[in-house]
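As C-alpha cells, the structure follows; a few thoughts come after it.
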Protein chains: 2
Amino acid sequence: MIFRQLFDRSSGTYTYLLAERPGGEALLIDPVLDNTGQYVRLIDELDLKLVKAVDTHIHADHVTALGALRERTGCATAMGATARIECVSVHFHEGEKLSADNLHLDVIYTPGHTNDSYSFLLPDRVFTGDTLLIRGTGRTDFQNGDPAAQYDSLFNKLLRLPEDTLVYPAHDYNGMTVSTIGEEKHHNPRLQVSDMQAYVELMNGLVLDDPRMMDIAIPANRACGLLDAA
Amino acid sequence: MIFRQLFDRSSGTYTYLLAERPGGEALLIDPVLDNTGQYVRLIDELDLKLVKAVDTHIHADHVTALGALRERTGCATAMGATARIECVSVHFHEGEKLSADNLHLDVIYTPGHTNDSYSFLLPDRVFTGDTLLIRGTGRTDFQNGDPAAQYDSLFNKLLRLPEDTLVYPAHDYNGMTVSTIGEEKHHNPRLQVSDMQAYVELMNGLVLDDPRMMDIAIPANRACGLLDAA
C-alpha cells in the first residue's frame, strides 16, 4: 500500500493519500484547498490516478479541496449522506465501502462532532476525522454537534476496534501523527468517564472560541470549496 | 515495531520514537528540548523504557533534549564521533549499530550538511537527518558543511539503498511526513544534477539566511542542550 500523511500547518489538518499500488488508483481524505497543487504534483510523481476525494465531515476550520480536485483531475467527490451536500457525486452511508483498486475503506457513521461525521476503516487503521483525536475528541458545540451521539460513536463503535488499530485523525495540534485504539482507550483524558452522562457534562462544560475560519469555511465547504469566498 | 513520528511545529523538526515491542526498550532520534515532557509522557504511556537518545548531527535550529532526557530517564546519549561532543556517553562510527532490544539501526556516516551528519538505517527505512530531505537537501554553508562531501553521501550511500526504502528526514517545512529513496532519486530537484561539480555549484549558489536559533542552538547543543542559554 502507498500511504502518505500530509500536514497543513496553518490549520493543523492531516490529509491522507492512499493507493493499493504504484500506477494505480488513489484516494484522498480531507484535502485542504490551499494545498491542491501539492497533492496533484505528488499524485503525479507517484504515478497514481486520483479517483476519489473524500471529506470525513463538513470542516469549519479550513476550506476543502474537493471541488478543486474534481476540476483538476476529474475525480469523484464524496461526503456522507447526512451532510446533504449537493456538489459531491458520492453520498456514502454506514456499511458502504470507499474503494481505490482493491483498497476498500469501510464507512462507519460516527456523529457527535457534527451530525455528518464519518470514520473510515482499513484492516489495520482507522481514519477518525474529528471524532477521535489523539488524546482528545472533537468539540460538539456547533454544526449539530451532540456529545451523547459522540459518546455512542466513541464507546460503541471506535473503541470496540482491536486495540492495535492505528488511529489517524483529521487534526493534531501537538505534533502527534498517529495513535492506537488501545492507547486512546487508556490514556485519552476525555475517554476516562464513567458513563454517557459524565461525557455529556464534560463536553458541555468546555468553553471554546469559534474556529477562526468558521464563517468562511462552512459555507465554502457546502459548495465543495468553490465559493468565491474560498 | 512501535514507531512514532513527532513534529515540533516551531522548528519544523521531526523526532522519531522507536521500539521493538510494548514493554521494551526505546530509542529517540533528534528530540527537541521544548518537547521533553511530551516524550517522557508518551514513553511512559506506551510502557517503554528509553535507553538511548540520539542526534543525527549538531543541530543549528533547535536545542536538543539529549541532556534533559538523560537527567530525567537515565538514558544513554549518542552522537557521531566526528561531532566531538564530550557530554554524550556514546560516540558512534559508520558501520556500528544503535540498538534497542532487537531493533538495530546501522550507522551510516553522511557528511556534507555538517561534518558530523549521520544517517540510521533499518531494513525498510532510513533516518536521513538533514542530509536528504523530502524534495530537498540540507544546506552546506556552515558548521563545516561541504557540498562535495554531501554529493558523495547522497549519491554513493543513500541513493544506493533500495528504491522502496522509506525516507524519514529530520525536518520538513511543507507538510510532507515521509518519502522513499526512489521518489527522491527521481523527483528531488537537487538530485537531478549531472555530476558532483554541478551539485557543488548548485549548493554554493544558494543564498540563505542564518537559522533563527543558530547562535543559541549550536553552543547549547555542544552541551547536550543543558547550557543556561537553552
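Letters A, B, ... mark the chains of the C-alpha cells in the order given; residue numbers begin at 1 per chain; ligand numbers begin at 1, in order shown.
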Chain B contacts to chain A at 10 Å (only C-alpha atoms) as a PyMOL selection string: chain B and resi 3-9+12-15+35+38+42+45-46+173-179+182-183+186-187
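Residues surrounding A:Val32 within 6 Å are Val63, Thr64 and Ala65 of chain A [only C-alpha atoms; sequence separation below 4 positions excluded].
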Store the residues picked out above in a file with N, CA and C atoms, as a PDB file, in the first residue's frame.
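Full text of selection39.pdb as output:
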```
ATOM      1  N   VAL A  63     -10.835  25.265   4.240  1.00  0.00           N
ATOM      2  CA  VAL A  63     -11.676  25.069   3.060  1.00  0.00           C
ATOM      3  C   VAL A  63     -11.233  23.798   2.342  1.00  0.00           C
ATOM      4  N   THR A  64     -12.190  22.968   1.999  1.00  0.00           N
ATOM      5  CA  THR A  64     -11.910  21.675   1.349  1.00  0.00           C
ATOM      6  C   THR A  64     -11.403  21.853  -0.079  1.00  0.00           C
ATOM      7  N   ALA A  65     -10.597  20.896  -0.513  1.00  0.00           N
ATOM      8  CA  ALA A  65     -10.108  20.885  -1.902  1.00  0.00           C
ATOM      9  C   ALA A  65     -10.963  19.990  -2.794  1.00  0.00           C
TER      10      ALA A  65
END
```
Backbone-only DSSP, strand (DSSP E) members of stretch 39-227 of chain A, as an MDAnalysis selection string: chainID A and resid 49:54 76:80 90:92 97:100 103:109 118:121 125:129 132:133 136:137 166:169 179:180
Export of prior selection with N, CA and C atoms as a short mmCIF file (atom, residue, chain, number, x, y, z; two decimals), in the first residue's frame:
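Dumped to selection.cif:
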```cif
data_model
loop_
_atom_site.label_atom_id
_atom_site.label_comp_id
_atom_site.auth_asym_id
_atom_site.auth_seq_id
_atom_site.Cartn_x
_atom_site.Cartn_y
_atom_site.Cartn_z
N LYS A 49 -3.47 7.68 -10.06
CA LYS A 49 -4.62 8.37 -10.65
C LYS A 49 -5.64 8.60 -9.54
N LEU A 50 -5.92 9.87 -9.25
CA LEU A 50 -6.87 10.17 -8.18
C LEU A 50 -8.28 9.83 -8.65
N VAL A 51 -8.92 8.90 -7.92
CA VAL A 51 -10.28 8.53 -8.30
C VAL A 51 -11.32 9.08 -7.33
N LYS A 52 -10.91 9.45 -6.13
CA LYS A 52 -11.90 9.88 -5.13
C LYS A 52 -11.28 10.85 -4.13
N ALA A 53 -11.94 11.97 -3.89
CA ALA A 53 -11.56 12.89 -2.81
C ALA A 53 -12.73 12.91 -1.83
N VAL A 54 -12.41 12.70 -0.56
CA VAL A 54 -13.44 12.42 0.45
C VAL A 54 -13.24 13.33 1.65
N ALA A 76 -13.97 11.62 -8.56
CA ALA A 76 -15.25 11.69 -7.85
C ALA A 76 -15.05 12.43 -6.53
N THR A 77 -16.10 13.03 -6.01
CA THR A 77 -16.04 13.69 -4.69
C THR A 77 -17.07 13.02 -3.82
N ALA A 78 -16.71 12.81 -2.54
CA ALA A 78 -17.59 12.00 -1.68
C ALA A 78 -17.71 12.61 -0.29
N MET A 79 -18.96 12.65 0.18
CA MET A 79 -19.22 13.01 1.58
C MET A 79 -20.36 12.13 2.08
N GLY A 80 -20.51 12.09 3.39
CA GLY A 80 -21.56 11.28 3.98
C GLY A 80 -22.94 11.80 3.61
N VAL A 90 -20.73 11.46 -4.76
CA VAL A 90 -20.97 10.23 -3.99
C VAL A 90 -21.45 10.62 -2.59
N HIS A 91 -22.60 10.09 -2.21
CA HIS A 91 -23.15 10.32 -0.86
C HIS A 91 -23.12 8.97 -0.15
N PHE A 92 -22.14 8.77 0.74
CA PHE A 92 -21.99 7.43 1.31
C PHE A 92 -22.74 7.27 2.63
N LYS A 97 -18.61 0.92 1.22
CA LYS A 97 -17.15 0.96 1.09
C LYS A 97 -16.74 2.08 0.14
N LEU A 98 -15.60 2.68 0.44
CA LEU A 98 -14.96 3.63 -0.48
C LEU A 98 -13.72 2.92 -1.00
N SER A 99 -13.60 2.81 -2.30
CA SER A 99 -12.55 1.96 -2.86
C SER A 99 -11.63 2.69 -3.82
N ALA A 100 -10.38 2.20 -3.86
CA ALA A 100 -9.40 2.58 -4.88
C ALA A 100 -8.70 1.27 -5.21
N LEU A 103 -8.27 -1.58 -2.58
CA LEU A 103 -8.23 -0.99 -1.24
C LEU A 103 -9.66 -0.55 -0.92
N HIS A 104 -10.23 -1.10 0.15
CA HIS A 104 -11.63 -0.82 0.45
C HIS A 104 -11.75 -0.26 1.87
N LEU A 105 -12.21 0.97 1.98
CA LEU A 105 -12.41 1.58 3.30
C LEU A 105 -13.86 1.37 3.71
N ASP A 106 -14.05 0.79 4.88
CA ASP A 106 -15.40 0.63 5.41
C ASP A 106 -15.86 1.94 6.02
N VAL A 107 -17.05 2.36 5.65
CA VAL A 107 -17.61 3.60 6.18
C VAL A 107 -18.33 3.33 7.51
N ILE A 108 -17.95 4.09 8.52
CA ILE A 108 -18.61 4.00 9.83
C ILE A 108 -19.21 5.37 10.13
N TYR A 109 -20.48 5.41 10.46
CA TYR A 109 -21.12 6.70 10.80
C TYR A 109 -20.80 7.00 12.26
N TYR A 118 -18.07 11.00 9.72
CA TYR A 118 -17.87 9.59 9.39
C TYR A 118 -16.41 9.21 9.66
N SER A 119 -16.18 7.93 9.93
CA SER A 119 -14.82 7.39 10.02
C SER A 119 -14.67 6.34 8.94
N PHE A 120 -13.42 6.06 8.58
CA PHE A 120 -13.14 5.10 7.50
C PHE A 120 -12.14 4.08 8.01
N LEU A 121 -12.47 2.80 7.80
CA LEU A 121 -11.70 1.72 8.41
C LEU A 121 -11.01 0.84 7.38
N ARG A 125 -5.98 0.13 10.34
CA ARG A 125 -6.01 1.55 10.72
C ARG A 125 -7.39 2.15 10.50
N VAL A 126 -7.66 3.22 11.25
CA VAL A 126 -8.95 3.91 11.10
C VAL A 126 -8.70 5.42 11.00
N PHE A 127 -9.42 6.04 10.08
CA PHE A 127 -9.35 7.49 9.90
C PHE A 127 -10.57 8.07 10.61
N THR A 128 -10.30 8.81 11.68
CA THR A 128 -11.36 9.15 12.62
C THR A 128 -11.89 10.57 12.50
N GLY A 129 -11.41 11.33 11.51
CA GLY A 129 -11.89 12.70 11.36
C GLY A 129 -11.69 13.47 12.64
N LEU A 132 -12.48 11.14 16.97
CA LEU A 132 -11.45 10.72 17.93
C LEU A 132 -10.14 11.36 17.53
N LEU A 133 -9.62 12.23 18.38
CA LEU A 133 -8.33 12.87 18.16
C LEU A 133 -7.31 12.18 19.07
N GLY A 136 -7.65 13.44 22.63
CA GLY A 136 -8.75 14.40 22.64
C GLY A 136 -9.92 13.88 21.82
N THR A 137 -10.98 14.67 21.75
CA THR A 137 -12.13 14.38 20.90
C THR A 137 -12.59 15.70 20.30
N LEU A 166 -4.40 1.33 14.28
CA LEU A 166 -3.80 2.66 14.24
C LEU A 166 -4.88 3.72 14.07
N VAL A 167 -4.75 4.82 14.77
CA VAL A 167 -5.71 5.92 14.71
C VAL A 167 -5.07 7.10 13.97
N TYR A 168 -5.67 7.46 12.84
CA TYR A 168 -5.22 8.62 12.07
C TYR A 168 -6.33 9.68 12.08
N PRO A 169 -6.16 10.74 12.86
CA PRO A 169 -7.21 11.75 12.98
C PRO A 169 -7.11 12.83 11.89
N SER A 179 -1.85 7.34 16.61
CA SER A 179 -2.03 6.70 17.91
C SER A 179 -2.63 5.31 17.64
N THR A 180 -3.09 4.66 18.68
CA THR A 180 -3.81 3.39 18.50
C THR A 180 -5.09 3.46 19.33
#
```
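Here the residues within stretch 119-155 of chain B that DSSP labels helix (DSSP H, G or I) on the basis of the backbone are B:Pro147, B:Ala148, B:Ala149, B:Gln150, B:Tyr151, B:Asp152, B:Ser153, B:Leu154, B:Phe155.
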Atoms kept (N, CA and C atoms) for selection, written as an mmCIF file, in the first residue's frame:
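Once everything was written out, this is part-v5.cif:
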```cif
data_model
loop_
_atom_site.group_PDB
_atom_site.id
_atom_site.type_symbol
_atom_site.label_atom_id
_atom_site.label_comp_id
_atom_site.auth_asym_id
_atom_site.auth_seq_id
_atom_site.Cartn_x
_atom_site.Cartn_y
_atom_site.Cartn_z
ATOM 1 N N PRO B 147 29.592 20.726 0.177
ATOM 2 C CA PRO B 147 28.685 20.182 -0.846
ATOM 3 C C PRO B 147 29.261 18.969 -1.574
ATOM 4 N N ALA B 148 30.572 18.916 -1.736
ATOM 5 C CA ALA B 148 31.150 17.742 -2.422
ATOM 6 C C ALA B 148 30.992 16.504 -1.547
ATOM 7 N N ALA B 149 31.232 16.657 -0.242
ATOM 8 C CA ALA B 149 31.023 15.530 0.672
ATOM 9 C C ALA B 149 29.550 15.129 0.691
ATOM 10 N N GLN B 150 28.661 16.120 0.622
ATOM 11 C CA GLN B 150 27.230 15.790 0.632
ATOM 12 C C GLN B 150 26.835 15.038 -0.642
ATOM 13 N N TYR B 151 27.395 15.438 -1.762
ATOM 14 C CA TYR B 151 27.134 14.714 -3.016
ATOM 15 C C TYR B 151 27.504 13.245 -2.846
ATOM 16 N N ASP B 152 28.679 13.014 -2.267
ATOM 17 C CA ASP B 152 29.134 11.640 -2.049
ATOM 18 C C ASP B 152 28.186 10.891 -1.106
ATOM 19 N N SER B 153 27.794 11.553 -0.020
ATOM 20 C CA SER B 153 26.866 10.913 0.929
ATOM 21 C C SER B 153 25.549 10.557 0.253
ATOM 22 N N LEU B 154 25.074 11.455 -0.597
ATOM 23 C CA LEU B 154 23.789 11.241 -1.256
ATOM 24 C C LEU B 154 23.897 10.177 -2.343
ATOM 25 N N PHE B 155 24.782 10.417 -3.297
ATOM 26 C CA PHE B 155 24.799 9.567 -4.496
ATOM 27 C C PHE B 155 25.490 8.229 -4.272
#
```
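In this structure, atom CA of B:Asn156 sits 16.5 Å away from atom CA of B:Gly138.
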Between atom CA of A:Ile181 and atom CA of B:Met1 - distance in Å to one decimal: 16.2 Å
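With distances taken over only C-alpha atoms, A:Asp55 is the one residue among A:Gly24, A:Arg70, A:Asp55, A:Asn102 lying closest to A:Ile85.
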